file structure_34.pdb (PDB, C-alpha atoms and all ligand atoms)
ATOM      1  CA  MET A   1      90.194  95.391 102.365  1.00  0.00           C
ATOM      2  CA  GLY A   2      89.425  93.779  99.050  1.00  0.00           C
ATOM      3  CA  ALA A   3      92.525  91.768  98.228  1.00  0.00           C
ATOM      4  CA  ARG A   4      94.782  89.092  99.647  1.00  0.00           C
ATOM      5  CA  ARG A   5      98.382  88.115  98.887  1.00  0.00           C
ATOM      6  CA  ASP A   6      99.326  84.891  97.103  1.00  0.00           C
ATOM      7  CA  ASN A   7     102.444  82.995  98.162  1.00  0.00           C
ATOM      8  CA  LYS A   8     104.545  84.951  95.625  1.00  0.00           C
ATOM      9  CA  GLY A   9     103.447  88.338  97.019  1.00  0.00           C
ATOM     10  CA  GLY A  10     100.922  89.004  94.236  1.00  0.00           C
ATOM     11  CA  TRP A  11      97.516  90.538  94.914  1.00  0.00           C
ATOM     12  CA  LEU A  12      94.390  88.446  94.419  1.00  0.00           C
ATOM     13  CA  PRO A  13      90.848  89.817  94.663  1.00  0.00           C
ATOM     14  CA  ALA A  14      89.095  88.907  97.920  1.00  0.00           C
ATOM     15  CA  PHE A  15      86.198  91.184  97.297  1.00  0.00           C
ATOM     16  CA  SER A  16      83.024  89.261  98.058  1.00  0.00           C
ATOM     17  CA  PRO A  17      81.052  90.373 101.139  1.00  0.00           C
ATOM     18  CA  ASP A  18      82.058  87.132 102.921  1.00  0.00           C
ATOM     19  CA  GLU A  19      85.748  87.643 102.087  1.00  0.00           C
ATOM     20  CA  LEU A  20      85.650  91.257 103.309  1.00  0.00           C
ATOM     21  CA  THR A  21      84.048  90.174 106.577  1.00  0.00           C
ATOM     22  CA  GLN A  22      86.621  87.409 107.003  1.00  0.00           C
ATOM     23  CA  ALA A  23      89.481  89.843 106.260  1.00  0.00           C
ATOM     24  CA  VAL A  24      88.352  92.320 108.928  1.00  0.00           C
ATOM     25  CA  GLU A  25      87.929  89.519 111.488  1.00  0.00           C
ATOM     26  CA  ASP A  26      91.406  88.118 110.581  1.00  0.00           C
ATOM     27  CA  ASN A  27      93.010  91.577 110.853  1.00  0.00           C
ATOM     28  CA  LEU A  28      91.459  92.213 114.266  1.00  0.00           C
ATOM     29  CA  ARG A  29      92.662  88.836 115.536  1.00  0.00           C
ATOM     30  CA  ASN A  30      96.189  89.325 114.132  1.00  0.00           C
ATOM     31  CA  LEU A  31      96.426  92.875 115.510  1.00  0.00           C
ATOM     32  CA  GLY A  32      94.943  91.940 118.896  1.00  0.00           C
ATOM     33  CA  LEU A  33      92.273  94.642 118.540  1.00  0.00           C
ATOM     34  CA  GLU A  34      88.546  94.692 119.156  1.00  0.00           C
ATOM     35  CA  THR A  35      87.869  97.422 116.645  1.00  0.00           C
ATOM     36  CA  MET A  36      89.664  99.267 113.820  1.00  0.00           C
ATOM     37  CA  GLU A  37      89.372 103.053 113.576  1.00  0.00           C
ATOM     38  CA  VAL A  38      89.061 103.105 109.807  1.00  0.00           C
ATOM     39  CA  VAL A  39      89.004 100.428 107.130  1.00  0.00           C
ATOM     40  CA  ASN A  40      89.286 101.199 103.438  1.00  0.00           C
ATOM     41  CA  LEU A  41      87.184  99.171 101.054  1.00  0.00           C
ATOM     42  CA  ARG A  42      89.560  98.812  98.071  1.00  0.00           C
ATOM     43  CA  SER A  43      87.674  98.289  94.818  1.00  0.00           C
ATOM     44  CA  MET A  44      88.896  95.279  92.875  1.00  0.00           C
ATOM     45  CA  LEU A  45      86.482  95.686  89.931  1.00  0.00           C
ATOM     46  CA  ASP A  46      89.722  96.469  88.102  1.00  0.00           C
ATOM     47  CA  VAL A  47      92.876  95.841  90.108  1.00  0.00           C
ATOM     48  CA  HIS A  48      94.851  98.452  88.139  1.00  0.00           C
ATOM     49  CA  GLY A  49      92.631 101.488  88.600  1.00  0.00           C
ATOM     50  CA  PRO A  50      89.144 102.796  89.348  1.00  0.00           C
ATOM     51  CA  ALA A  51      86.432 101.157  87.216  1.00  0.00           C
ATOM     52  CA  GLU A  52      82.742 102.022  87.208  1.00  0.00           C
ATOM     53  CA  GLY A  53      80.349  99.422  88.613  1.00  0.00           C
ATOM     54  CA  SER A  54      78.252  98.831  91.672  1.00  0.00           C
ATOM     55  CA  LEU A  55      79.997  98.428  95.021  1.00  0.00           C
ATOM     56  CA  GLU A  56      76.689  98.114  96.852  1.00  0.00           C
ATOM     57  CA  PRO A  57      77.132  94.537  98.173  1.00  0.00           C
ATOM     58  CA  GLN A  58      80.631  95.388  99.411  1.00  0.00           C
ATOM     59  CA  VAL A  59      79.565  98.665 101.057  1.00  0.00           C
ATOM     60  CA  GLU A  60      76.676  96.794 102.693  1.00  0.00           C
ATOM     61  CA  ALA A  61      79.164  94.286 104.114  1.00  0.00           C
ATOM     62  CA  MET A  62      81.247  97.171 105.526  1.00  0.00           C
ATOM     63  CA  ILE A  63      78.136  98.728 107.075  1.00  0.00           C
ATOM     64  CA  LYS A  64      77.362  95.411 108.798  1.00  0.00           C
ATOM     65  CA  LEU A  65      80.927  95.315 110.168  1.00  0.00           C
ATOM     66  CA  LYS A  66      80.442  98.837 111.477  1.00  0.00           C
ATOM     67  CA  GLU A  67      77.132  97.867 113.083  1.00  0.00           C
ATOM     68  CA  ARG A  68      78.930  94.979 114.820  1.00  0.00           C
ATOM     69  CA  GLY A  69      81.452  97.510 116.217  1.00  0.00           C
ATOM     70  CA  LEU A  70      84.400  95.911 114.405  1.00  0.00           C
ATOM     71  CA  VAL A  71      85.014  99.001 112.243  1.00  0.00           C
ATOM     72  CA  LYS A  72      84.495 102.593 113.385  1.00  0.00           C
ATOM     73  CA  HIS A  73      84.774 104.404 110.065  1.00  0.00           C
ATOM     74  CA  ILE A  74      84.559 103.291 106.425  1.00  0.00           C
ATOM     75  CA  GLY A  75      86.923 104.564 103.728  1.00  0.00           C
ATOM     76  CA  LEU A  76      87.049 103.814 100.006  1.00  0.00           C
ATOM     77  CA  SER A  77      90.032 103.158  97.766  1.00  0.00           C
ATOM     78  CA  ASN A  78      90.607 102.839  94.015  1.00  0.00           C
ATOM     79  CA  VAL A  79      87.162 104.280  93.342  1.00  0.00           C
ATOM     80  CA  THR A  80      85.456 106.643  90.921  1.00  0.00           C
ATOM     81  CA  PRO A  81      83.675 109.865  91.975  1.00  0.00           C
ATOM     82  CA  GLN A  82      80.348 108.157  91.140  1.00  0.00           C
ATOM     83  CA  GLN A  83      81.142 105.263  93.466  1.00  0.00           C
ATOM     84  CA  VAL A  84      81.999 107.715  96.256  1.00  0.00           C
ATOM     85  CA  ALA A  85      78.683 109.523  95.747  1.00  0.00           C
ATOM     86  CA  ASP A  86      76.733 106.228  95.628  1.00  0.00           C
ATOM     87  CA  ALA A  87      78.398 104.950  98.815  1.00  0.00           C
ATOM     88  CA  GLN A  88      77.692 108.257 100.579  1.00  0.00           C
ATOM     89  CA  LYS A  89      73.973 107.624 100.007  1.00  0.00           C
ATOM     90  CA  MET A  90      74.377 104.426 102.055  1.00  0.00           C
ATOM     91  CA  THR A  91      76.756 105.488 104.857  1.00  0.00           C
ATOM     92  CA  PRO A  92      79.216 108.247 105.818  1.00  0.00           C
ATOM     93  CA  ILE A  93      82.561 107.856 104.037  1.00  0.00           C
ATOM     94  CA  ALA A  94      85.501 108.873 106.238  1.00  0.00           C
ATOM     95  CA  CYS A  95      88.257 109.100 103.597  1.00  0.00           C
ATOM     96  CA  VAL A  96      89.169 108.220 100.015  1.00  0.00           C
ATOM     97  CA  GLN A  97      92.519 106.700  99.015  1.00  0.00           C
ATOM     98  CA  ASN A  98      93.274 106.845  95.276  1.00  0.00           C
ATOM     99  CA  LEU A  99      96.314 107.191  93.019  1.00  0.00           C
ATOM    100  CA  TYR A 100      97.262 110.879  92.870  1.00  0.00           C
ATOM    101  CA  ASN A 101     100.539 112.750  92.615  1.00  0.00           C
ATOM    102  CA  LEU A 102     102.210 115.521  90.599  1.00  0.00           C
ATOM    103  CA  ALA A 103     102.039 113.445  87.430  1.00  0.00           C
ATOM    104  CA  ASN A 104      98.706 111.635  87.945  1.00  0.00           C
ATOM    105  CA  ARG A 105      95.868 114.117  88.340  1.00  0.00           C
ATOM    106  CA  GLN A 106      92.748 112.255  87.244  1.00  0.00           C
ATOM    107  CA  ASP A 107      91.178 113.021  90.624  1.00  0.00           C
ATOM    108  CA  GLU A 108      91.454 116.831  90.574  1.00  0.00           C
ATOM    109  CA  ALA A 109      87.673 117.365  90.830  1.00  0.00           C
ATOM    110  CA  LEU A 110      87.263 114.611  93.428  1.00  0.00           C
ATOM    111  CA  VAL A 111      89.963 116.143  95.660  1.00  0.00           C
ATOM    112  CA  ASP A 112      88.086 119.467  95.567  1.00  0.00           C
ATOM    113  CA  LYS A 113      84.666 117.916  96.128  1.00  0.00           C
ATOM    114  CA  LEU A 114      85.869 115.960  99.163  1.00  0.00           C
ATOM    115  CA  ALA A 115      87.583 119.097 100.503  1.00  0.00           C
ATOM    116  CA  GLU A 116      84.221 120.914 100.362  1.00  0.00           C
ATOM    117  CA  GLN A 117      82.735 118.060 102.393  1.00  0.00           C
ATOM    118  CA  GLY A 118      85.622 118.036 104.902  1.00  0.00           C
ATOM    119  CA  ILE A 119      86.621 114.486 103.916  1.00  0.00           C
ATOM    120  CA  PRO A 120      90.323 113.524 103.791  1.00  0.00           C
ATOM    121  CA  TYR A 121      91.789 112.511 100.421  1.00  0.00           C
ATOM    122  CA  VAL A 122      94.738 110.156 100.906  1.00  0.00           C
ATOM    123  CA  PRO A 123      96.828 109.931  97.742  1.00  0.00           C
ATOM    124  CA  PHE A 124      98.552 106.611  97.283  1.00  0.00           C
ATOM    125  CA  PHE A 125     101.863 106.510  95.403  1.00  0.00           C
ATOM    126  CA  PRO A 126     102.405 110.188  96.403  1.00  0.00           C
ATOM    127  CA  LEU A 127     106.014 109.848  95.256  1.00  0.00           C
ATOM    128  CA  GLY A 128     105.166 107.831  92.166  1.00  0.00           C
ATOM    129  CA  GLY A 129     105.334 104.396  93.818  1.00  0.00           C
ATOM    130  CA  PHE A 130     107.598 101.876  92.081  1.00  0.00           C
ATOM    131  CA  SER A 131     109.024 104.510  89.748  1.00  0.00           C
ATOM    132  CA  PRO A 132     109.639 107.683  91.801  1.00  0.00           C
ATOM    133  CA  LEU A 133     108.615 110.922  90.104  1.00  0.00           C
ATOM    134  CA  GLN A 134     111.219 112.561  87.870  1.00  0.00           C
ATOM    135  CA  SER A 135     111.004 115.610  85.672  1.00  0.00           C
ATOM    136  CA  GLU A 136     113.100 118.554  84.578  1.00  0.00           C
ATOM    137  CA  GLN A 137     110.754 121.042  86.270  1.00  0.00           C
ATOM    138  CA  LEU A 138     110.895 119.100  89.523  1.00  0.00           C
ATOM    139  CA  THR A 139     114.688 119.014  89.481  1.00  0.00           C
ATOM    140  CA  ALA A 140     114.918 122.751  88.720  1.00  0.00           C
ATOM    141  CA  VAL A 141     112.481 123.662  91.513  1.00  0.00           C
ATOM    142  CA  ALA A 142     114.255 121.380  94.000  1.00  0.00           C
ATOM    143  CA  GLN A 143     117.601 122.987  93.195  1.00  0.00           C
ATOM    144  CA  ALA A 144     116.166 126.476  93.565  1.00  0.00           C
ATOM    145  CA  LEU A 145     114.647 125.634  96.963  1.00  0.00           C
ATOM    146  CA  ASN A 146     117.589 123.590  98.229  1.00  0.00           C
ATOM    147  CA  ALA A 147     115.254 120.633  98.712  1.00  0.00           C
ATOM    148  CA  THR A 148     115.076 117.147  97.201  1.00  0.00           C
ATOM    149  CA  THR A 149     112.784 116.461  94.247  1.00  0.00           C
ATOM    150  CA  LEU A 150     110.590 114.170  96.335  1.00  0.00           C
ATOM    151  CA  GLN A 151     110.301 116.772  99.113  1.00  0.00           C
ATOM    152  CA  VAL A 152     108.980 119.164  96.486  1.00  0.00           C
ATOM    153  CA  ALA A 153     106.527 116.499  95.277  1.00  0.00           C
ATOM    154  CA  LEU A 154     105.209 116.062  98.836  1.00  0.00           C
ATOM    155  CA  ALA A 155     105.123 119.818  99.478  1.00  0.00           C
ATOM    156  CA  TRP A 156     103.063 120.235  96.303  1.00  0.00           C
ATOM    157  CA  LEU A 157     100.528 117.710  97.597  1.00  0.00           C
ATOM    158  CA  LEU A 158     100.370 119.377 101.020  1.00  0.00           C
ATOM    159  CA  GLN A 159      99.741 122.748  99.398  1.00  0.00           C
ATOM    160  CA  ARG A 160      97.298 121.320  96.860  1.00  0.00           C
ATOM    161  CA  SER A 161      94.380 121.077  99.286  1.00  0.00           C
ATOM    162  CA  PRO A 162      93.827 121.138 103.063  1.00  0.00           C
ATOM    163  CA  ASN A 163      92.163 117.698 102.992  1.00  0.00           C
ATOM    164  CA  ILE A 164      95.254 115.893 101.613  1.00  0.00           C
ATOM    165  CA  LEU A 165      96.641 113.369 104.095  1.00  0.00           C
ATOM    166  CA  LEU A 166     100.102 112.088 103.131  1.00  0.00           C
ATOM    167  CA  ILE A 167     101.198 108.461 103.473  1.00  0.00           C
ATOM    168  CA  PRO A 168     104.555 108.209 101.654  1.00  0.00           C
ATOM    169  CA  GLY A 169     106.118 104.793 102.227  1.00  0.00           C
ATOM    170  CA  THR A 170     109.787 104.304 103.023  1.00  0.00           C
ATOM    171  CA  SER A 171     112.112 101.689 104.455  1.00  0.00           C
ATOM    172  CA  SER A 172     114.818 104.319 105.114  1.00  0.00           C
ATOM    173  CA  PRO A 173     115.068 106.458 108.295  1.00  0.00           C
ATOM    174  CA  GLU A 174     116.915 109.113 106.239  1.00  0.00           C
ATOM    175  CA  HIS A 175     114.072 109.268 103.715  1.00  0.00           C
ATOM    176  CA  LEU A 176     111.567 109.423 106.562  1.00  0.00           C
ATOM    177  CA  LYS A 177     113.343 112.511 107.953  1.00  0.00           C
ATOM    178  CA  GLN A 178     113.360 114.122 104.506  1.00  0.00           C
ATOM    179  CA  ASN A 179     109.683 113.324 103.994  1.00  0.00           C
ATOM    180  CA  LEU A 180     108.728 114.832 107.361  1.00  0.00           C
ATOM    181  CA  ALA A 181     110.737 117.971 106.545  1.00  0.00           C
ATOM    182  CA  SER A 182     108.774 118.424 103.298  1.00  0.00           C
ATOM    183  CA  GLY A 183     106.123 120.133 105.458  1.00  0.00           C
ATOM    184  CA  GLU A 184     108.514 123.056 105.795  1.00  0.00           C
ATOM    185  CA  VAL A 185     109.037 123.498 102.037  1.00  0.00           C
ATOM    186  CA  VAL A 186     106.961 126.467 100.911  1.00  0.00           C
ATOM    187  CA  LEU A 187     106.045 126.741  97.231  1.00  0.00           C
ATOM    188  CA  SER A 188     105.216 130.138  95.743  1.00  0.00           C
ATOM    189  CA  ALA A 189     102.289 130.512  93.341  1.00  0.00           C
ATOM    190  CA  GLU A 190     104.787 130.796  90.483  1.00  0.00           C
ATOM    191  CA  ILE A 191     106.487 127.537  91.458  1.00  0.00           C
ATOM    192  CA  VAL A 192     103.140 125.762  91.843  1.00  0.00           C
ATOM    193  CA  GLN A 193     102.242 126.897  88.324  1.00  0.00           C
ATOM    194  CA  CYS A 194     105.533 125.502  87.028  1.00  0.00           C
ATOM    195  CA  LEU A 195     104.946 122.179  88.833  1.00  0.00           C
ATOM    196  CA  ASN A 196     101.365 121.985  87.568  1.00  0.00           C
ATOM    197  CA  SER A 197     102.710 121.790  84.022  1.00  0.00           C
ATOM    198  CA  ILE A 198     104.246 118.379  84.835  1.00  0.00           C
ATOM    199  CA  ALA A 199     100.849 116.683  84.529  1.00  0.00           C
TER     200      ALA A 199
HETATM  201  N1  LIG B 201      95.031 101.570  98.088  1.00  0.00           N
HETATM  202  C1  LIG B 201      95.857 101.140  97.166  1.00  0.00           C
HETATM  203  O1  LIG B 201      95.459 100.547  96.163  1.00  0.00           O
HETATM  204  C2  LIG B 201      97.328 101.393  97.312  1.00  0.00           C
HETATM  205  C3  LIG B 201      98.190 101.152  96.239  1.00  0.00           C
HETATM  206  C4  LIG B 201      99.540 101.429  96.401  1.00  0.00           C
HETATM  207  C5  LIG B 201     100.021 101.914  97.605  1.00  0.00           C
HETATM  208  N2  LIG B 201      99.151 102.106  98.641  1.00  0.00           N
HETATM  209  C6  LIG B 201      99.644 102.643  99.920  1.00  0.00           C
HETATM  210  O2  LIG B 201     100.067 103.972  99.714  1.00  0.00           O
HETATM  211  C7  LIG B 201     101.176 104.272 100.563  1.00  0.00           C
HETATM  212  C8  LIG B 201     102.300 104.870  99.725  1.00  0.00           C
HETATM  213  O3  LIG B 201     102.636 103.980  98.691  1.00  0.00           O
HETATM  214  P1  LIG B 201     104.126 103.588  98.349  1.00  0.00           P
HETATM  215  O4  LIG B 201     104.964 103.649  99.570  1.00  0.00           O
HETATM  216  O5  LIG B 201     104.094 102.304  97.604  1.00  0.00           O
HETATM  217  O6  LIG B 201     104.499 104.697  97.272  1.00  0.00           O
HETATM  218  P2  LIG B 201     105.283 106.071  97.352  1.00  0.00           P
HETATM  219  O7  LIG B 201     105.143 106.662  98.716  1.00  0.00           O
HETATM  220  O8  LIG B 201     104.885 106.872  96.168  1.00  0.00           O
HETATM  221  O9  LIG B 201     106.790 105.667  97.074  1.00  0.00           O
HETATM  222  C9  LIG B 201     107.525 104.886  97.933  1.00  0.00           C
HETATM  223  C10 LIG B 201     108.891 104.707  97.247  1.00  0.00           C
HETATM  224  O10 LIG B 201     109.591 105.929  97.283  1.00  0.00           O
HETATM  225  C11 LIG B 201     110.826 105.747  97.947  1.00  0.00           C
HETATM  226  N3  LIG B 201     111.025 106.912  98.813  1.00  0.00           N
HETATM  227  C12 LIG B 201     110.284 107.315  99.883  1.00  0.00           C
HETATM  228  N4  LIG B 201     110.754 108.450 100.395  1.00  0.00           N
HETATM  229  C13 LIG B 201     111.848 108.789  99.655  1.00  0.00           C
HETATM  230  C14 LIG B 201     112.779 109.841  99.700  1.00  0.00           C
HETATM  231  N5  LIG B 201     112.683 110.811 100.620  1.00  0.00           N
HETATM  232  N6  LIG B 201     113.789 109.863  98.778  1.00  0.00           N
HETATM  233  C15 LIG B 201     113.886 108.900  97.837  1.00  0.00           C
HETATM  234  N7  LIG B 201     113.039 107.874  97.748  1.00  0.00           N
HETATM  235  C16 LIG B 201     112.021 107.817  98.649  1.00  0.00           C
HETATM  236  C17 LIG B 201     110.704 104.479  98.754  1.00  0.00           C
HETATM  237  O11 LIG B 201     111.955 103.822  98.784  1.00  0.00           O
HETATM  238  P3  LIG B 201     112.800 103.731 100.146  1.00  0.00           P
HETATM  239  O12 LIG B 201     112.208 102.634 100.937  1.00  0.00           O
HETATM  240  O13 LIG B 201     114.176 103.472  99.646  1.00  0.00           O
HETATM  241  O14 LIG B 201     112.677 105.074 100.839  1.00  0.00           O
HETATM  242  C18 LIG B 201     109.708 103.670  97.927  1.00  0.00           C
HETATM  243  O15 LIG B 201     110.393 102.955  96.903  1.00  0.00           O
HETATM  244  C19 LIG B 201     101.515 102.973 101.283  1.00  0.00           C
HETATM  245  O16 LIG B 201     100.932 103.027 102.564  1.00  0.00           O
HETATM  246  C20 LIG B 201     100.854 101.914 100.437  1.00  0.00           C
HETATM  247  O17 LIG B 201     100.463 100.782 101.203  1.00  0.00           O
HETATM  248  C21 LIG B 201      97.813 101.878  98.518  1.00  0.00           C
END
call {"tool": "encode", "arguments": {"input": "structure_34.pdb", "output": "structure tokens", "more": "lines below"}}
Ligand SMILES: NC(=O)c1ccc[n+]([C@@H]2O[C@H](COP(=O)([O-])OP(=O)(O)OC[C@H]3O[C@@H](n4cnc5c(N)ncnc54)[C@H](OP(=O)(O)O)[C@@H]3O)[C@@H](O)[C@H]2O)c1
result
Amino acid sequence: MGARRDNKGGWLPAFSPDELTQAVEDNLRNLGLETMEVVNLRSMLDVHGPAEGSLEPQVEAMIKLKERGLVKHIGLSNVTPQQVADAQKMTPIACVQNLYNLANRQDEALVDKLAEQGIPYVPFFPLGGFSPLQSEQLTAVAQALNATTLQVALAWLLQRSPNILLIPGTSSPEHLKQNLASGEVVLSAEIVQCLNSIA
């Protein structure tokens, strides 16, 4: 929650406490549900990436939704480590969804900190999003393992930390099968070291 689509498919901030409340109520009505298991509060302080600033009014709105029983668990998205820590002083945070993949590793410390706390880290754009990940190292590793490059990218995330929860998007049943099979791709320490150099 935190944004709405315009009629051209663009994203517009809908980030005030009233808009967040309205969005949860609209989602519940559209989905025919009485409660949602988890709702991510997506920071829109900067639409393009995490930006420092207070999310207190928005987190308070989410807490009120939880108190009303409309939301069971609160997650955060597009946030900084400081914002996660600040929100955790107000309420339990169930998961964090930020940009993270082989080539985008700004959240290394946050992944580890959340792992220590037993909190899932859900990387968005795990395959690179609109421009799928490409690199010479990735191609070489994929060839050596008889896997696709994107299977290796997913396997790297799965091996990165036990709290990583994968949500690769696809419109292709074939890609879905490949993505599921990435759980069987095992990367040796040497290969992980090679892949780490991509960042
Ligand atoms: N919180 C946020 O701000 C935020 C931002 C962005 C995304 N998200 C969420 O994060 C999730 C993942 O994002 P995403 O789907 O945009 O990015 P992604 O998983 O990194 O990449 C998806 C792209 O990779 C392609 N792809 C998937 N599997 C493939 C395969 N095996 N081989 C080749 N190409 C493959 C897909 O095309 P095909 O359809 O052709 O397979 C699609 O173009 C989604 O649930 C999305 O809603 C959240």
call {"tool": "residues_near_ligand", "arguments": {"input": "structure_34.pdb", "ligand": "ligand LIG 201 (chain B)", "cutoff": "7 Å", "atoms": "only C-alpha atoms and all ligand atoms", "output": "count of residues only"}}
result
25
call {"tool": "closest_residue", "arguments": {"input": "structure_34.pdb", "among": "A:Ile74, A:Met62, A:Ala3, A:Val84", "to": "Met44 (chain A)", "atoms": "only C-alpha atoms"}}
result
A:Ala3
call {"tool": "closest_residue", "arguments": {"input": "structure_34.pdb", "among": "A:Asn163, A:Asn146, A:Gln193, A:Asn27", "to": "Val111 (chain A)", "atoms": "all atoms listed in the file"}}
result
A:Asn163
call {"tool": "atom_distance", "arguments": {"input": "structure_34.pdb", "atom1": "CA of Lys72 (chain A)", "atom2": "CA of Ile93 (chain A)"}}
result
10.9 Å
call {"tool": "closest_residue", "arguments": {"input": "structure_34.pdb", "among": "A:Trp156, A:Leu12, A:Ser43, A:Leu102", "to": "Ser197 (chain A)", "atoms": "only C-alpha atoms"}}
result
A:Leu102
call {"tool": "residues_around", "arguments": {"input": "structure_34.pdb", "residues": "Val39 (chain A)", "least_positions_apart": "5", "cutoff": "10 Å", "atoms": "only C-alpha atoms", "output": "JSON, numbers by chain"}}
result
{"A": [1, 24, 62, 66, 70, 71, 72, 73, 74, 75, 76, 77, 94, 95]}
call {"tool": "residues_near_point", "arguments": {"input": "structure_34.pdb", "point": "(115.1, 124.3, 100.1)", "cutoff": "12 Å", "atoms": "all atoms listed in the file", "output": "ChimeraX atom specification"}}
result
/A:139-152,155,178,181-187
call {"tool": "residues_around", "arguments": {"input": "structure_34.pdb", "residues": "Thr91 (chain A)", "least_positions_apart": "4", "cutoff": "9 Å", "atoms": "only C-alpha atoms", "output": "ChimeraX atom specification"}}
result
/A:59-60,63,74,87
call {"tool": "atom_distance", "arguments": {"input": "structure_34.pdb", "atom1": "CA of Gln88 (chain A)", "atom2": "CA of Gln117 (chain A)"}}
result
11.2 Å
call {"tool": "closest_residue", "arguments": {"input": "structure_34.pdb", "among": "A:Gln106, A:Glu37, A:Leu28, A:Asn101", "to": "Pro50 (chain A)", "atoms": "all atoms listed in the file"}}
result
A:Gln106
call {"tool": "atom_distance", "arguments": {"input": "structure_34.pdb", "atom1": "CA of Leu157 (chain A)", "atom2": "CA of Trp11 (chain A)"}}
result
27.5 Å
call {"tool": "closest_atom_pairs", "arguments": {"input": "structure_34.pdb", "of": "region 47-144 of chain A", "to": "region 13-23 of chain A", "cutoff": "8 Å", "atoms": "all atoms listed in the file", "output": "JSON lines"}}
result
{"residue": "A:Val47", "atom": "CA", "partner": "A:Pro13", "partner_atom": "CA", "distance": 7.8}
{"residue": "A:Pro57", "atom": "CA", "partner": "A:Pro17", "partner_atom": "CA", "distance": 6.4}
{"residue": "A:Gln58", "atom": "CA", "partner": "A:Pro17", "partner_atom": "CA", "distance": 5.3}
{"residue": "A:Glu60", "atom": "CA", "partner": "A:Pro17", "partner_atom": "CA", "distance": 7.9}
{"residue": "A:Ala61", "atom": "CA", "partner": "A:Pro17", "partner_atom": "CA", "distance": 5.3}
{"residue": "A:Met62", "atom": "CA", "partner": "A:Thr21", "partner_atom": "CA", "distance": 7.6}
{"residue": "A:Leu65", "atom": "CA", "partner": "A:Thr21", "partner_atom": "CA", "distance": 7.0}
call {"tool": "closest_residue", "arguments": {"input": "structure_34.pdb", "among": "A:Ala199, A:Ile164, A:Ile191, A:Leu55", "to": "Leu41 (chain A)", "atoms": "all atoms listed in the file"}}
result
A:Leu55
call {"tool": "closest_residue", "arguments": {"input": "structure_34.pdb", "among": "A:Ala153, A:Ala51, A:Leu165, A:Ala189", "to": "Val96 (chain A)", "atoms": "all atoms listed in the file"}}
result
A:Leu165
call {"tool": "decode", "arguments": {"input": "structure_34.pdb", "residues": "region 68-81 of chain A", "atoms": "N, CA and C atoms", "output": "short mmCIF file (atom, residue, chain, number, x, y, z; two decimals), in the first residue's frame"}}
result
data_model
loop_
_atom_site.label_atom_id
_atom_site.label_comp_id
_atom_site.auth_asym_id
_atom_site.auth_seq_id
_atom_site.Cartn_x
_atom_site.Cartn_y
_atom_site.Cartn_z
N ARG A 68 -8.17 -2.92 13.94
CA ARG A 68 -9.54 -3.16 13.46
C ARG A 68 -9.71 -4.57 12.90
N GLY A 69 -8.60 -5.34 12.84
CA GLY A 69 -8.67 -6.72 12.35
C GLY A 69 -8.65 -6.83 10.83
N LEU A 70 -8.38 -5.71 10.14
CA LEU A 70 -8.40 -5.75 8.67
C LEU A 70 -7.07 -6.27 8.12
N VAL A 71 -6.02 -6.15 8.91
CA VAL A 71 -4.67 -6.57 8.51
C VAL A 71 -4.10 -7.40 9.66
N LYS A 72 -3.53 -8.58 9.33
CA LYS A 72 -2.98 -9.38 10.44
C LYS A 72 -1.53 -9.01 10.74
N HIS A 73 -0.75 -8.79 9.67
CA HIS A 73 0.67 -8.49 9.87
C HIS A 73 1.07 -7.31 8.98
N ILE A 74 2.01 -6.51 9.47
CA ILE A 74 2.46 -5.33 8.73
C ILE A 74 3.86 -5.57 8.18
N GLY A 75 4.04 -5.32 6.88
CA GLY A 75 5.36 -5.36 6.26
C GLY A 75 5.74 -3.97 5.79
N LEU A 76 7.00 -3.81 5.42
CA LEU A 76 7.48 -2.52 4.91
C LEU A 76 8.15 -2.75 3.56
N SER A 77 8.06 -1.76 2.69
CA SER A 77 8.72 -1.89 1.38
C SER A 77 9.34 -0.56 0.97
N ASN A 78 10.46 -0.66 0.24
CA ASN A 78 11.18 0.52 -0.25
C ASN A 78 11.63 1.40 0.91
N VAL A 79 12.21 0.76 1.92
CA VAL A 79 12.55 1.47 3.16
C VAL A 79 14.04 1.36 3.48
N THR A 80 14.48 2.27 4.35
CA THR A 80 15.87 2.25 4.81
C THR A 80 15.95 1.43 6.11
N PRO A 81 17.17 0.97 6.47
CA PRO A 81 17.32 0.25 7.74
C PRO A 81 16.82 1.08 8.93
#
